[in-house]
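Right, one structure below, let's go through it.
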Amino acid sequence: MNDNVPVVNSWNEWDPLREVVVGSATGACFEPTEPGNRPQRRGSASGTPFPTGPKPSEATEKADEELAGLAALLQSQGVTVHRPAPMNFGQRLETPTFSVENQYCATCPRDVMITIGNEIIEAPMSRRARYFEYQAYRDIVYRYWNADDRVRWTTAPKPSMSDAMYRSDFWDWPIEQRHARMHSSEFCVTQDEVVFDAADMSRFGRDIMVQESMTTNRAGIRWLKRHLEPHGFRIHPVHFPLDYFPSHIDCTFVPLRPGLVLTNPDRPIESSEAKMFLDNDWELVDAPPPVLSNDEMPQYCQSSKWLSMNVFSISPEKVVVEQRETPLQDMLDRLGFEVYTVPFRNVFEFGGSLHCATWDIHREGTREDYFPTLTQSLPV
Ligand code: NVA
């Protein structure tokens with residue numbers, strides 16, 4: 001690695017990958033019902049109670065096998081891969097402001113950890129069961145922090161996660177009410193405390209998109225603005241008005257290389273927010289229909305069929321796609337990408353797919369400005 005570049009260095013979602021963390025399903029528990037989350041079974045079992053406690057070892061072993069397959073693919077591409085430390089996710093949490101029966105897992109580092117240039121940020125998180133998830137990555141963070149004085153490390157303010165932080169009736173709102181209230185950004189978390197999950201962010205060099213969602217509120221976006229803009233970044237809140245349950249941007253708006261974003265045809269970006277992309281000659285290309293319908297997703301998976309577009313870039317030319325998503329593979333092939341595939345459906349019930357299950361720590365490249373019209377419009 002180039003000694004002039006800090007050991008932590010990742011400015012966007014696509015530059016050539018050198019170091020990454022791949023999540024683990026070991027010790028995972030079912031996500032508990034809590035004010036920030038109401039997990040539901042899918043398909044014919046929908047409506048029956050969601051299980052609690054540790055996931056069966058058969059499920060965690062199958063997911064771990066697929067995660068190991070992703071790690072091996074990345075290693076074969078010359079990427080250094082790190083894995084989270086084991087944690088006791090079955091442990092009940094009792095804090096001064098909340099309690100929860102069990103925790104979740106460390107399968108999706110993307111949700112909690114983010115690299116912004118030479119800085120690692122630990123997100124506050126929005127759900128009780130994920131409050132301590134950052135601990136699975138602390139050994140890794142310390143290794144980088146000790147190795148290079150240029151590495152910045154920030155842990156964002158932890159919210160109370162008390163009952164008052166949530167709208168407890170959110171999950172019962174009829175769809176009309178949800179539609180009416182989401183346009184004033186009323187979701188399950190209130191605006192009183194700083195709340196964000198790292199996976200609501202998407203990095204484009206100097207510009208960072210942050211989705212306002214069930215897992216990221218306006219106070220969270222304000223915190224990110226105040227923290228990052230003095231260091232030369234621009235934070236852009238983004239919205240996808242047809243997504244009634246927005247959470248994590250990486251099944252909705254997925255940049256693949258400079259000038260190209262993979263978009264979700266069911267969830268177009270707010271038209272005023274598309275402008276900066278169109279003004280700067282970015283193409284927004286809709287993903288093809290996923291192979292599975294929402295009802296066909298694995299029984300305990302809480303994500304939508306659009307996990308199909310949760311792809312992971314090895315470089316601006318190489319992208320990893322889930323093995324059975326052939327329509328998307330074909331489209332990316334036509335767009336000039338070298339497409340790599342791994343089976344990953346057994347990971348879905350642990351919170352996501354390929355992008356979710358990774359946290360890139362080092363990519364080649366520097367901070368670039370992909371939106372020059374924004375710079376030109378700054379006062380001189
Ligand atoms: N909430 C998103 C998943 C993001 C990984 C979806 O279900 O589409």
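Identifiers for the structure tokens are assigned positionally: chains receive A, B, ... in sequence, residues are indexed from 1 per chain, and ligands are indexed from 1 in the order shown.
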Near A:Gly53, counting only C-alpha atoms, which residues have an atom at most 9 Å away, once you skip same-chain residues fewer than 4 positions from it, shown as a PyMOL selection string?
chain A and resi 28-32+89-90+101-103
Just N, CA and C atoms for this one: save the residues we selected as a tab-separated table (two decimals), in the first residue's frame.
chain	number	residue	atom	x	y	z
A	28	ALA	N	-25.82	-15.14	15.89
A	28	ALA	CA	-26.93	-14.21	15.62
A	28	ALA	C	-28.21	-14.61	16.35
A	29	CYS	N	-28.99	-13.60	16.72
A	29	CYS	CA	-30.31	-13.83	17.31
A	29	CYS	C	-31.38	-13.28	16.37
A	30	PHE	N	-32.60	-13.73	16.55
A	30	PHE	CA	-33.72	-13.09	15.85
A	30	PHE	C	-33.84	-11.66	16.38
A	31	GLU	N	-34.15	-10.74	15.48
A	31	GLU	CA	-34.29	-9.35	15.93
A	31	GLU	C	-35.55	-9.23	16.79
A	32	PRO	N	-35.42	-8.65	17.98
A	32	PRO	CA	-36.59	-8.56	18.85
A	32	PRO	C	-37.58	-7.49	18.41
A	89	PHE	N	-24.67	-12.12	21.45
A	89	PHE	CA	-25.88	-11.39	21.06
A	89	PHE	C	-27.11	-11.84	21.83
A	90	GLY	N	-26.99	-13.00	22.50
A	90	GLY	CA	-28.12	-13.48	23.29
A	90	GLY	C	-28.27	-12.73	24.62
A	101	GLU	N	-34.66	-7.73	25.16
A	101	GLU	CA	-34.47	-9.15	25.50
A	101	GLU	C	-33.17	-9.74	24.98
A	102	ASN	N	-32.86	-9.43	23.74
A	102	ASN	CA	-31.59	-9.91	23.18
A	102	ASN	C	-31.12	-8.93	22.12
A	103	GLN	N	-29.88	-9.13	21.66
A	103	GLN	CA	-29.33	-8.27	20.62
A	103	GLN	C	-29.49	-8.97	19.26
Closest contacts (chain A/ligand 1, max 9 Å, only C-alpha atoms and all ligand atoms) as a tab-separated table:
residue	atom	partner	partner_atom_place_in_ligand_line	distance
A:Asp111	CA	ligand 1	5 (C)	8.6
A:Ala199	CA	ligand 1	5 (C)	7.8
A:Asp200	CA	ligand 1	4 (C)	8.7
A:Asp243	CA	ligand 1	8 (O)	8.6
A:Phe245	CA	ligand 1	1 (N)	6.9
A:Pro246	CA	ligand 1	1 (N)	5.7
A:Ser247	CA	ligand 1	1 (N)	4.3
A:His248	CA	ligand 1	4 (C)	4.7
A:Ile249	CA	ligand 1	4 (C)	6.2
A:Asp250	CA	ligand 1	4 (C)	5.5
A:Cys251	CA	ligand 1	8 (O)	4.9
A:Thr252	CA	ligand 1	8 (O)	6.8
A:Gln302	CA	ligand 1	7 (O)	6.6
A:Ser303	CA	ligand 1	7 (O)	3.4
A:Ser304	CA	ligand 1	7 (O)	3.7
A:Lys305	CA	ligand 1	8 (O)	6.7
A:Trp306	CA	ligand 1	8 (O)	5.1
A:Leu307	CA	ligand 1	8 (O)	6.1
A:Asn310	CA	ligand 1	5 (C)	6.8
A:Gly351	CA	ligand 1	5 (C)	6.8
A:Gly352	CA	ligand 1	5 (C)	4.9
A:Ser353	CA	ligand 1	5 (C)	6.9
A:His355	CA	ligand 1	5 (C)	8.0
A:Cys356	CA	ligand 1	5 (C)	6.1
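In terms of minimum interatomic distance to A:Phe337, A:Val319 ranks closest within A:Val319, A:Ala156, A:Ala357, A:Met276, counting only C-alpha atoms.
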Which residues come within 12 Å of A:Val261, counting only C-alpha atoms, excluding same-chain residues fewer than 3 positions away, as an NGL selection string?
:A and (13-14 or 202-204 or 250-258 or 264 or 268-269 or 274 or 277-278 or 281-287 or 309 or 311 or 316 or 332 or 335)
Residue nearest A:Val320 - candidates A:Cys301, A:Met182, A:Thr341, A:Trp223, atoms counted: only C-alpha atoms:
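Of the candidates, the smallest distance to A:Val320 is held by A:Thr341.
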